[in-house]
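**Student:** Attaching a single structure in structure tokens format; questions to follow.
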Amino acid sequence: MKSVSLQLKGQEISRYEAGVAPPGPAAGATFGLELAGAAAASRRPLKIDQLGGLQPVAGVTYSVQVKPDNRSTWDTIAVSRPTPEVDVDRNQFAGAKRAAVRVLRTTGFDEEIIAEDTVDLK
């Protein structure tokens with residue numbers, strides 16, 4: 001396990017212990033990223049089939065990024081979340097019809113993309 005110790009005058013005053021990330025999805029797994037809920041609603045939950053029911057693990061957090069089809073950069077819409085559950089507000093991406101979405105998992109030392117797909121913003 002990885003950790004960082006903060007010391008003051010030779011005394012440890014704080015310590016961060018990285019979490020142990022759960023095993024990633026199997027190679028070739030489909031993630032089923034989609035926006036769930038009523039199509040007319042502007043805020044809809046991001047549904048991730050392979051990551052459903054994921055429980056929080058100490059020292060492990062998730063970020064969600066979105067890249068609309070009318071932009072070339074990623075927008076971070078959630079950071080340091082205990083699970084990758086997040087609502088996507090389509091109003092943030094005016095003029096976009098589709099968007100690439102990715103979920104990143106970090107232990108504080110290591111980061112990996114664990115899901116990536118394209119969703120319909122209509």
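Just so we're on the same page: first chain in the structure tokens is A, next is B, and so on; residues restart at 1 for each chain, and ligands are numbered from 1 in the order they show up.
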Contacts of Trp74 of chain A at 7 Å or less, counting only C-alpha atoms, minus same-chain residues fewer than 4 places along, as a list in words?

**Tutor:**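 So the residues in contact are Gln65, Val66 and Lys67 of chain A.
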
**Student:** I'd like to know which residues of segment 41-76 of chain A are strand (DSSP E) (by DSSP, run on the backbone); could you write them as a count of residues only?

**Tutor:** 15

**Student:** So which residues touch Phe93 of chain A within 10 Å, counting only C-alpha atoms, skipping near sequence neighbours fewer than 2 positions away, as a VMD selection string?

**Tutor:** chain A and resid 66 to 71 75 88 to 91 95 to 99 121

**Student:** Go ahead and write the selection's residues with N, CA, C and O atoms as a PDB file, in the first residue's frame.

**Tutor:**
ATOM      1  N   VAL A  66     -16.522  14.934 -19.699  1.00  0.00           N
ATOM      2  CA  VAL A  66     -17.382  14.943 -20.884  1.00  0.00           C
ATOM      3  C   VAL A  66     -16.719  15.793 -21.962  1.00  0.00           C
ATOM      4  O   VAL A  66     -16.202  16.873 -21.673  1.00  0.00           O
ATOM      5  N   LYS A  67     -16.740  15.282 -23.213  1.00  0.00           N
ATOM      6  CA  LYS A  67     -16.236  16.060 -24.352  1.00  0.00           C
ATOM      7  C   LYS A  67     -17.347  16.089 -25.401  1.00  0.00           C
ATOM      8  O   LYS A  67     -17.564  15.112 -26.121  1.00  0.00           O
ATOM      9  N   PRO A  68     -18.099  17.227 -25.472  1.00  0.00           N
ATOM     10  CA  PRO A  68     -19.181  17.320 -26.447  1.00  0.00           C
ATOM     11  C   PRO A  68     -18.653  17.311 -27.881  1.00  0.00           C
ATOM     12  O   PRO A  68     -17.498  17.677 -28.120  1.00  0.00           O
ATOM     13  N   ASP A  69     -19.515  16.899 -28.812  1.00  0.00           N
ATOM     14  CA  ASP A  69     -19.088  16.772 -30.208  1.00  0.00           C
ATOM     15  C   ASP A  69     -18.764  18.101 -30.874  1.00  0.00           C
ATOM     16  O   ASP A  69     -18.176  18.127 -31.944  1.00  0.00           O
ATOM     17  N   ASN A  70     -19.102  19.213 -30.238  1.00  0.00           N
ATOM     18  CA  ASN A  70     -18.785  20.520 -30.830  1.00  0.00           C
ATOM     19  C   ASN A  70     -17.598  21.201 -30.140  1.00  0.00           C
ATOM     20  O   ASN A  70     -17.386  22.393 -30.299  1.00  0.00           O
ATOM     21  N   ARG A  71     -16.829  20.440 -29.348  1.00  0.00           N
ATOM     22  CA  ARG A  71     -15.622  20.960 -28.693  1.00  0.00           C
ATOM     23  C   ARG A  71     -14.501  19.931 -28.788  1.00  0.00           C
ATOM     24  O   ARG A  71     -14.749  18.747 -28.975  1.00  0.00           O
ATOM     25  N   ASP A  75     -14.420  18.423 -20.412  1.00  0.00           N
ATOM     26  CA  ASP A  75     -14.922  19.177 -19.263  1.00  0.00           C
ATOM     27  C   ASP A  75     -15.081  18.189 -18.107  1.00  0.00           C
ATOM     28  O   ASP A  75     -15.717  17.144 -18.264  1.00  0.00           O
ATOM     29  N   VAL A  88     -25.787  14.342 -15.559  1.00  0.00           N
ATOM     30  CA  VAL A  88     -25.252  15.138 -16.661  1.00  0.00           C
ATOM     31  C   VAL A  88     -26.316  16.161 -17.034  1.00  0.00           C
ATOM     32  O   VAL A  88     -27.460  15.795 -17.317  1.00  0.00           O
ATOM     33  N   ASP A  89     -25.951  17.434 -16.995  1.00  0.00           N
ATOM     34  CA  ASP A  89     -26.859  18.511 -17.358  1.00  0.00           C
ATOM     35  C   ASP A  89     -26.607  18.878 -18.818  1.00  0.00           C
ATOM     36  O   ASP A  89     -25.593  19.494 -19.143  1.00  0.00           O
ATOM     37  N   ARG A  90     -27.526  18.494 -19.682  1.00  0.00           N
ATOM     38  CA  ARG A  90     -27.361  18.766 -21.115  1.00  0.00           C
ATOM     39  C   ARG A  90     -27.258  20.249 -21.415  1.00  0.00           C
ATOM     40  O   ARG A  90     -26.683  20.650 -22.425  1.00  0.00           O
ATOM     41  N   ASN A  91     -27.798  21.113 -20.551  1.00  0.00           N
ATOM     42  CA  ASN A  91     -27.730  22.561 -20.767  1.00  0.00           C
ATOM     43  C   ASN A  91     -26.300  23.087 -20.725  1.00  0.00           C
ATOM     44  O   ASN A  91     -26.024  24.170 -21.219  1.00  0.00           O
ATOM     45  N   GLY A  95     -25.749  23.209 -28.074  1.00  0.00           N
ATOM     46  CA  GLY A  95     -25.423  22.933 -29.469  1.00  0.00           C
ATOM     47  C   GLY A  95     -24.857  21.557 -29.725  1.00  0.00           C
ATOM     48  O   GLY A  95     -24.735  21.141 -30.872  1.00  0.00           O
ATOM     49  N   ALA A  96     -24.512  20.812 -28.697  1.00  0.00           N
ATOM     50  CA  ALA A  96     -23.949  19.463 -28.878  1.00  0.00           C
ATOM     51  C   ALA A  96     -25.072  18.435 -28.969  1.00  0.00           C
ATOM     52  O   ALA A  96     -26.068  18.516 -28.250  1.00  0.00           O
ATOM     53  N   LYS A  97     -24.890  17.475 -29.859  1.00  0.00           N
ATOM     54  CA  LYS A  97     -25.866  16.394 -30.011  1.00  0.00           C
ATOM     55  C   LYS A  97     -25.404  15.122 -29.309  1.00  0.00           C
ATOM     56  O   LYS A  97     -26.205  14.343 -28.821  1.00  0.00           O
ATOM     57  N   ARG A  98     -24.091  14.913 -29.295  1.00  0.00           N
ATOM     58  CA  ARG A  98     -23.502  13.736 -28.667  1.00  0.00           C
ATOM     59  C   ARG A  98     -22.278  14.178 -27.875  1.00  0.00           C
ATOM     60  O   ARG A  98     -21.750  15.260 -28.094  1.00  0.00           O
ATOM     61  N   ALA A  99     -21.833  13.303 -26.984  1.00  0.00           N
ATOM     62  CA  ALA A  99     -20.634  13.629 -26.206  1.00  0.00           C
ATOM     63  C   ALA A  99     -19.910  12.352 -25.817  1.00  0.00           C
ATOM     64  O   ALA A  99     -20.541  11.328 -25.544  1.00  0.00           O
ATOM     65  N   LEU A 121     -26.981  13.360 -26.363  1.00  0.00           N
ATOM     66  CA  LEU A 121     -27.400  14.476 -25.507  1.00  0.00           C
ATOM     67  C   LEU A 121     -28.759  15.022 -25.896  1.00  0.00           C
ATOM     68  O   LEU A 121     -29.252  15.947 -25.243  1.00  0.00           O
TER      69      LEU A 121
END

**Student:** So which one's closest to Ala18 of chain A, A:Gln92, A:Ala115, A:Gly59, A:Arg102? Using only C-alpha atoms, please.

**Tutor:** A:Gly59

**Student:** Skipping near chain neighbours, those fewer than 5 positions away, what residues fall within 9 Å of Ala58 of chain A using only C-alpha atoms, listed as JSON, numbers by chain?

**Tutor:** {"A": [17, 18, 19, 20, 82, 107]}

**Student:** Between atom CA of Pro56 of chain A and atom CA of Arg15 of chain A, what distance in Å does the model show, to one decimal?

**Tutor:** 19.9 Å
